[in-house]
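Everything below belongs to my_file18.txt, which stores compact mmCIF, C-alpha atoms.
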# COMPACT_ATOMS: atom_id res chain seq x y z
CA MET W 1 19.44 3.27 0.98
CA SER W 2 20.75 5.53 3.74
CA ASN W 3 22.83 7.38 1.12
CA PHE W 4 19.76 8.18 -0.96
CA PRO W 5 17.78 11.42 -0.52
CA SER W 6 14.89 11.13 1.94
CA VAL W 7 11.31 11.35 0.72
CA LEU W 8 8.42 11.60 3.17
CA PHE W 9 5.02 10.05 2.58
CA LEU W 10 2.07 11.38 4.58
CA MET W 11 -0.81 9.08 3.71
CA GLY W 12 -4.23 8.68 5.22
CA PRO W 13 -7.96 8.56 4.57
CA THR W 14 -9.93 11.64 3.60
CA ALA W 15 -10.61 14.11 6.45
CA SER W 16 -7.84 12.66 8.65
CA GLY W 17 -5.86 15.90 9.00
CA LYS W 18 -3.11 15.46 6.43
CA THR W 19 -3.17 19.00 5.04
CA ASP W 20 -2.61 20.91 8.31
CA LEU W 21 0.26 18.64 9.30
CA ALA W 22 1.82 18.85 5.84
CA ILE W 23 1.70 22.65 5.79
CA ARG W 24 3.47 22.81 9.13
CA LEU W 25 6.17 20.43 7.89
CA ALA W 26 6.59 22.46 4.70
CA THR W 27 6.91 25.79 6.51
CA GLU W 28 9.14 24.64 9.36
CA CYS W 29 11.25 21.80 7.97
CA HIS W 30 12.40 22.73 4.47
CA CYS W 31 9.96 20.31 2.85
CA GLU W 32 8.18 20.85 -0.46
CA ILE W 33 4.76 19.29 -0.94
CA ILE W 34 3.74 17.05 -3.83
CA SER W 35 0.02 16.29 -3.84
CA VAL W 36 -0.94 12.62 -4.15
CA ASP W 37 -4.64 13.15 -4.77
CA SER W 38 -6.51 12.20 -7.94
CA ALA W 39 -9.17 14.85 -7.27
CA LEU W 40 -6.96 17.87 -6.53
CA ILE W 41 -5.48 17.72 -10.03
CA TYR W 42 -8.63 19.25 -11.55
CA LYS W 43 -9.06 22.98 -12.13
CA GLY W 44 -12.34 24.49 -10.99
CA MET W 45 -13.04 21.70 -8.52
CA ASP W 46 -12.00 23.34 -5.28
CA ILE W 47 -14.74 23.05 -2.68
CA GLY W 48 -15.91 19.47 -3.21
CA THR W 49 -12.35 18.12 -3.27
CA ALA W 50 -11.38 19.94 -0.04
CA LYS W 51 -8.54 21.55 -1.95
CA PRO W 52 -6.20 23.65 0.20
CA THR W 53 -7.27 27.28 0.19
CA ALA W 54 -5.48 29.97 -1.81
CA GLU W 55 -3.96 31.21 1.44
CA GLU W 56 -2.72 27.72 2.34
CA LEU W 57 -1.27 27.18 -1.14
CA GLN W 58 0.51 30.52 -0.94
CA LYS W 59 1.95 29.57 2.43
CA ALA W 60 2.92 26.06 1.36
CA PRO W 61 2.70 25.47 -2.41
CA HIS W 62 1.47 22.03 -3.49
CA ALA W 63 2.78 20.57 -6.74
CA LEU W 64 0.27 18.60 -8.89
CA VAL W 65 -2.71 20.69 -7.80
CA ASP W 66 -4.82 22.43 -10.50
CA ILE W 67 -2.88 20.89 -13.37
CA ILE W 68 -5.59 19.67 -15.78
CA ASP W 69 -9.13 20.47 -16.91
CA PRO W 70 -11.92 18.16 -15.64
CA LEU W 71 -12.42 16.98 -19.23
CA GLN W 72 -8.87 15.60 -19.45
CA ALA W 73 -7.57 12.19 -18.42
CA TYR W 74 -4.72 11.60 -15.96
CA SER W 75 -3.29 8.19 -15.16
CA ALA W 76 -1.22 6.64 -12.41
CA GLY W 77 1.59 6.52 -14.95
CA ASP W 78 1.30 10.27 -15.55
CA PHE W 79 1.50 10.82 -11.81
CA ARG W 80 4.54 8.57 -11.44
CA ASP W 81 6.49 10.38 -14.16
CA GLU W 82 5.66 13.81 -12.75
CA ALA W 83 6.34 12.82 -9.14
CA ILE W 84 9.77 11.35 -9.94
CA ARG W 85 10.74 14.50 -11.83
CA LEU W 86 9.56 16.70 -8.96
CA MET W 87 11.29 14.59 -6.28
CA ASN W 88 14.57 14.83 -8.14
CA ASP W 89 14.21 18.60 -8.55
CA ILE W 90 13.34 19.14 -4.88
CA ALA W 91 16.17 16.92 -3.64
CA ALA W 92 18.62 18.70 -5.95
CA ARG W 93 17.71 21.97 -4.19
CA GLY W 94 18.59 20.42 -0.85
CA LYS W 95 15.00 20.10 0.33
CA THR W 96 12.88 17.09 1.26
CA PRO W 97 10.01 16.00 -0.98
CA LEU W 98 6.83 15.54 1.09
CA LEU W 99 4.17 13.53 -0.71
CA VAL W 100 0.72 14.11 0.81
CA GLY W 101 -2.63 12.62 -0.09
CA GLY W 102 -4.90 9.62 -0.04
CA THR W 103 -4.79 8.20 -3.58
CA MET W 104 -3.15 4.95 -2.65
CA LEU W 105 -2.86 3.71 -6.24
CA TYR W 106 -0.55 6.64 -6.96
CA TYR W 107 1.71 5.74 -4.03
CA LYS W 108 1.80 2.12 -5.16
CA ALA W 109 2.65 3.12 -8.72
CA LEU W 110 5.49 5.24 -7.40
CA VAL W 111 6.98 2.63 -5.08
CA ASP W 112 6.34 -0.55 -7.07
CA GLY W 113 6.33 0.83 -10.59
CA LEU W 114 3.80 0.03 -13.27
CA SER W 115 3.46 -3.16 -15.26
CA PRO W 116 4.16 -2.81 -18.99
CA LEU W 117 0.57 -3.50 -20.04
CA PRO W 118 -0.23 -2.51 -23.63
CA SER W 119 -2.62 0.33 -24.41
CA ALA W 120 -6.15 -0.48 -25.45
CA ASN W 121 -6.67 -1.58 -29.05
CA PRO W 122 -10.17 -0.68 -30.34
CA ASP W 123 -10.06 -3.21 -33.19
CA ILE W 124 -9.24 -6.10 -30.87
CA ARG W 125 -11.92 -4.99 -28.40
CA VAL W 126 -14.53 -5.03 -31.16
CA GLU W 127 -13.33 -8.49 -32.19
CA ILE W 128 -13.71 -9.78 -28.61
CA GLU W 129 -17.18 -8.24 -28.29
CA LYS W 130 -18.30 -9.93 -31.53
CA GLN W 131 -17.02 -13.29 -30.30
CA ALA W 132 -18.89 -12.78 -27.04
CA GLU W 133 -22.11 -12.10 -28.94
CA GLN W 134 -21.64 -15.19 -31.10
CA LEU W 135 -20.15 -17.67 -28.63
CA GLY W 136 -20.91 -16.25 -25.18
CA TRP W 137 -18.71 -14.94 -22.38
CA GLN W 138 -18.32 -18.45 -20.93
CA PHE W 139 -16.50 -19.51 -24.10
CA LEU W 140 -14.14 -16.54 -23.77
CA HIS W 141 -13.63 -17.25 -20.07
CA ASP W 142 -12.67 -20.84 -20.92
CA GLN W 143 -10.23 -19.44 -23.46
CA LEU W 144 -8.70 -17.18 -20.80
CA ALA W 145 -8.37 -20.15 -18.44
CA GLU W 146 -6.13 -21.86 -21.00
CA ILE W 147 -3.78 -18.90 -21.56
CA ASP W 148 -3.90 -17.28 -18.10
CA PRO W 149 -5.39 -19.55 -15.41
CA VAL W 150 -4.44 -17.13 -12.62
CA SER W 151 -6.43 -14.27 -14.16
CA ALA W 152 -9.30 -16.61 -15.04
CA LYS W 153 -9.57 -17.65 -11.42
CA ARG W 154 -9.63 -14.00 -10.32
CA ILE W 155 -12.02 -12.69 -13.01
CA HIS W 156 -15.64 -13.84 -12.92
CA VAL W 157 -17.35 -14.86 -16.13
CA ASN W 158 -19.94 -12.14 -15.47
CA ASP W 159 -17.29 -9.39 -15.45
CA PRO W 160 -17.01 -8.72 -19.20
CA GLN W 161 -14.92 -5.56 -18.85
CA ARG W 162 -12.05 -7.22 -16.99
CA LEU W 163 -12.39 -10.44 -18.95
CA SER W 164 -12.18 -8.55 -22.23
CA ARG W 165 -9.14 -6.61 -21.03
CA ALA W 166 -7.27 -9.79 -20.01
CA LEU W 167 -7.88 -11.33 -23.44
CA GLU W 168 -6.99 -8.06 -25.18
CA VAL W 169 -3.63 -7.90 -23.36
CA TYR W 170 -2.76 -11.43 -24.48
CA ARG W 171 -3.79 -10.85 -28.09
CA ILE W 172 -1.77 -7.63 -28.33
CA SER W 173 1.38 -8.74 -26.53
CA GLY W 174 1.40 -12.53 -26.73
CA LYS W 175 1.90 -12.54 -22.95
CA SER W 176 -0.65 -13.07 -20.20
CA MET W 177 -1.71 -10.28 -17.86
CA THR W 178 -0.35 -12.34 -14.96
CA GLU W 179 3.08 -12.54 -16.60
CA LEU W 180 3.18 -8.83 -17.41
CA THR W 181 2.02 -7.66 -13.97
CA GLN W 182 4.84 -9.59 -12.34
CA THR W 183 7.35 -7.34 -14.07
CA LYS W 184 8.66 -4.77 -11.60
CA SER W 185 10.38 -1.46 -12.17
CA GLU W 186 13.85 -0.77 -10.85
CA PRO W 187 13.80 0.58 -7.25
CA LEU W 188 13.84 4.37 -7.12
CA PRO W 189 16.98 6.02 -5.63
CA PHE W 190 15.16 7.48 -2.64
CA ASN W 191 14.90 6.62 1.03
CA PHE W 192 11.14 6.49 1.58
CA LYS W 193 9.93 7.26 5.09
CA GLN W 194 6.24 6.51 5.25
CA PHE W 195 3.59 7.78 7.68
CA ALA W 196 -0.16 7.24 7.83
CA ILE W 197 -2.51 9.43 9.84
CA ALA W 198 -6.02 8.46 10.93
CA PRO W 199 -8.27 8.58 14.01
CA VAL W 200 -8.08 5.46 16.16
CA GLU W 201 -11.87 5.23 16.32
CA LYS W 202 -13.80 4.81 13.07
CA SER W 203 -16.69 6.82 14.52
CA VAL W 204 -14.40 9.84 14.89
CA LEU W 205 -13.45 9.70 11.22
CA HIS W 206 -17.10 9.33 10.23
CA ALA W 207 -18.01 12.41 12.25
CA ARG W 208 -15.16 14.40 10.69
CA ILE W 209 -16.32 13.38 7.20
CA GLU W 210 -19.92 14.46 7.85
CA ARG W 211 -18.83 17.75 9.38
CA ARG W 212 -16.53 18.54 6.46
CA PHE W 213 -19.18 17.68 3.86
CA LYS W 214 -21.61 20.10 5.49
CA LEU W 215 -18.90 22.78 5.59
CA MET W 216 -18.41 22.27 1.86
CA LEU W 217 -22.10 22.87 1.29
CA ALA W 218 -21.96 26.05 3.35
CA ALA W 219 -18.94 27.19 1.31
CA GLY W 220 -20.82 26.95 -1.99
CA PHE W 221 -20.33 23.40 -3.22
CA GLU W 222 -23.72 23.39 -4.99
CA GLN W 223 -22.84 26.49 -7.02
CA GLU W 224 -19.47 24.96 -7.91
CA VAL W 225 -21.22 21.97 -9.50
CA VAL W 226 -23.82 24.25 -11.15
CA THR W 227 -20.90 26.07 -12.81
CA LEU W 228 -19.30 22.81 -13.96
CA ARG W 229 -22.60 21.57 -15.42
CA ALA W 230 -23.12 24.85 -17.24
CA ARG W 231 -20.00 24.23 -19.34
CA GLY W 232 -21.96 21.66 -21.33
CA ASP W 233 -19.01 19.36 -22.07
CA LEU W 234 -18.82 17.48 -18.76
CA HIS W 235 -20.79 14.36 -17.84
CA LEU W 236 -20.98 11.77 -15.08
CA ASP W 237 -18.90 9.15 -16.94
CA LEU W 238 -15.76 11.29 -16.67
CA PRO W 239 -13.26 10.39 -13.91
CA SER W 240 -13.44 13.98 -12.65
CA MET W 241 -17.19 13.84 -12.14
CA ARG W 242 -16.91 10.48 -10.38
CA CYS W 243 -15.11 12.16 -7.48
CA VAL W 244 -17.07 11.64 -4.26
CA GLY W 245 -19.68 14.31 -3.69
CA TYR W 246 -19.75 15.54 -7.28
CA ARG W 247 -21.85 12.67 -8.62
CA GLN W 248 -24.34 13.03 -5.76
CA MET W 249 -24.63 16.79 -6.21
CA TRP W 250 -24.97 16.41 -9.99
CA GLU W 251 -27.79 13.86 -9.57
CA TYR W 252 -29.51 16.14 -7.05
CA LEU W 253 -29.39 18.98 -9.58
CA ASP W 254 -30.86 16.56 -12.13
CA GLY W 255 -33.83 16.08 -9.79
CA GLN W 256 -33.00 12.45 -8.98
CA MET W 257 -33.10 13.03 -5.21
CA ASP W 258 -33.91 15.70 -2.67
CA TYR W 259 -31.37 17.81 -0.79
CA GLU W 260 -31.27 15.68 2.37
CA GLU W 261 -30.83 12.50 0.33
CA MET W 262 -27.95 14.15 -1.54
CA ILE W 263 -26.23 14.96 1.75
CA PHE W 264 -26.77 11.43 3.03
CA ARG W 265 -25.41 9.83 -0.15
CA GLY W 266 -22.48 12.23 -0.33
CA VAL W 267 -21.45 11.45 3.23
CA VAL W 268 -21.88 7.69 2.69
CA ALA W 269 -19.80 7.80 -0.51
CA THR W 270 -17.03 9.68 1.32
CA ARG W 271 -17.07 7.17 4.17
CA GLN W 272 -16.80 4.34 1.66
CA LEU W 273 -13.79 6.07 0.10
CA ALA W 274 -12.18 6.36 3.54
CA LYS W 275 -12.84 2.67 4.14
CA ARG W 276 -11.08 1.74 0.88
CA GLN W 277 -8.15 3.98 1.77
CA MET W 278 -7.82 2.34 5.20
CA THR W 279 -7.93 -1.11 3.59
CA TRP W 280 -5.03 -0.11 1.34
CA LEU W 281 -3.06 1.23 4.29
CA ARG W 282 -3.62 -1.82 6.50
CA GLY W 283 -2.28 -3.98 3.68
CA TRP W 284 0.71 -1.71 2.94
CA LYS W 285 3.71 -4.00 2.54
CA THR W 286 6.53 -1.63 3.41
CA GLU W 287 7.33 -0.10 6.80
CA LEU W 288 4.66 2.36 7.87
CA THR W 289 4.50 4.58 10.97
CA TRP W 290 0.97 5.29 12.18
CA LEU W 291 -0.06 8.66 13.60
CA GLU W 292 -3.32 9.48 15.38
CA SER W 293 -5.34 12.39 13.99
CA GLY W 294 -5.18 15.39 16.31
CA ASP W 295 -2.17 14.17 18.29
CA GLU W 296 0.00 17.22 18.97
CA ARG W 297 3.10 15.00 18.92
CA ASN W 298 2.69 14.04 15.24
CA PHE W 299 4.94 16.83 13.99
CA GLU W 300 7.74 15.88 16.36
CA LYS W 301 7.37 12.19 15.52
CA ILE W 302 7.84 12.84 11.82
CA VAL W 303 10.75 15.23 12.37
CA LYS W 304 12.48 12.72 14.64
CA ALA W 305 11.97 9.80 12.25
CA ALA W 306 13.09 11.84 9.25
CA SER W 307 16.27 13.16 10.84
What is this structure when it is put down as structure tokens?
Amino acid sequence: MSNFPSVLFLMGPTASGKTDLAIRLATECHCEIISVDSALIYKGMDIGTAKPTAEELQKAPHALVDIIDPLQAYSAGDFRDEAIRLMNDIAARGKTPLLVGGTMLYYKALVDGLSPLPSANPDIRVEIEKQAEQLGWQFLHDQLAEIDPVSAKRIHVNDPQRLSRALEVYRISGKSMTELTQTKSEPLPFNFKQFAIAPVEKSVLHARIERRFKLMLAAGFEQEVVTLRARGDLHLDLPSMRCVGYRQMWEYLDGQMDYEEMIFRGVVATRQLAKRQMTWLRGWKTELTWLESGDERNFEKIVKAAS
């Protein structure tokens, strides 16, 4: 592994200070940034995603920012393919790829690879739904228990979406979801050096999240969502509009809550996102170096570990 090119990961929950540290690394250490953020990919969604400013992006360009329209889909597999291509290109130029963001599923897809699960089959899904109407979801759950007891134990009978998907995978491929998800990709030819940044105290992160949300509002977040709604082709079921803050602002504009309730729900949703990100990080299975938000030694720690 020591002969492989180095790749830096700078992970962390939202509002932990990743961007400022990444920009310094990019400008002083011959790094090039690849964004690992499922919200920053969308064009026209700048304020509510806390996207780096135009000045910051000019100073330290971020790959995989502003790459698709909010109407389009983008998967972890799409990210993995693009990130590998970019890492190879950056390393070939003698620079260090610096992957920055908080979408932990993207990091996992990159490191562990993706299972070869088949794409959805509408005909089979309709067939499963008809069987559920005729025989009940308990019957289908019993069927899953016979072909894939591990998945059946994990998936509740009252979770039709996941239950249907597990049966669909088996009917398409002839293999259980458990069997397919155990298939791993070949290790990537990179030496991953992984860092996570977060405040030590949860209350500090919560305060940072609330402060940043209110700064977004002051910067024109409401008008940004007004503009998105005015397109007429976007709706709340799209992954882009499920980004934290956007759903709450959209519902406020629909008259479902008042302004103060929107702020409260937006902050709570962002805190819940941060909690999920921290859960991912605490369970990270490979070596991870923790950094404290705001610590002036973070830059030197990364430079020393990466050298």
Open item on the list: From the options W:Pro239, W:Gly136, W:Gly232, W:Pro189, which residue's atoms come nearest to Gln72 in chain W, counting all atoms listed in the file?
Closed with: W:Pro239
Open item on the list: Between W:Val65, W:Ala54, W:Ala120, W:Met104, which residue has the minimum interatomic distance to Thr279 in chain W, considering all atoms listed in the file?
Closed with: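 Ranking W:Val65, W:Ala54, W:Ala120, W:Met104 by distance to Thr279 in chain W, first place goes to W:Met104.
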Open item on the list: Rounded to one decimal, what separation in Å do you get between CA of Glu201 in chain W and CA of Trp284 in chain W?
Closed with: 19.6 Å
Task: Residues near Ala269 in chain W, cut-off 8 Å, only C-alpha atoms, skip fewer than 4 positions along chain, as a count of residues only - done: 4
- [ ] Within 7 Å of range 14-27 of chain W, counting all atoms listed in the file, which residues show up once you throw out same-chain ones fewer than 6 positions away? Write them as a list of chain:residue names, please.
- [x]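 So the residues in contact are W:Ile33, W:Ala60, W:Val100, W:Gly102, W:Ile197, W:Ala198, W:Pro199, W:Leu205, W:Arg208, W:Ile209, W:Ala274, W:Ser293, W:Phe299.
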TODO: Scan for residues within 9 Å of the point (1.2, 3.2, -10.5) in the coordinates of the file, using only C-alpha atoms, and reply as a PyMOL selection string.
DONE: chain W and resi 75-80+105-115
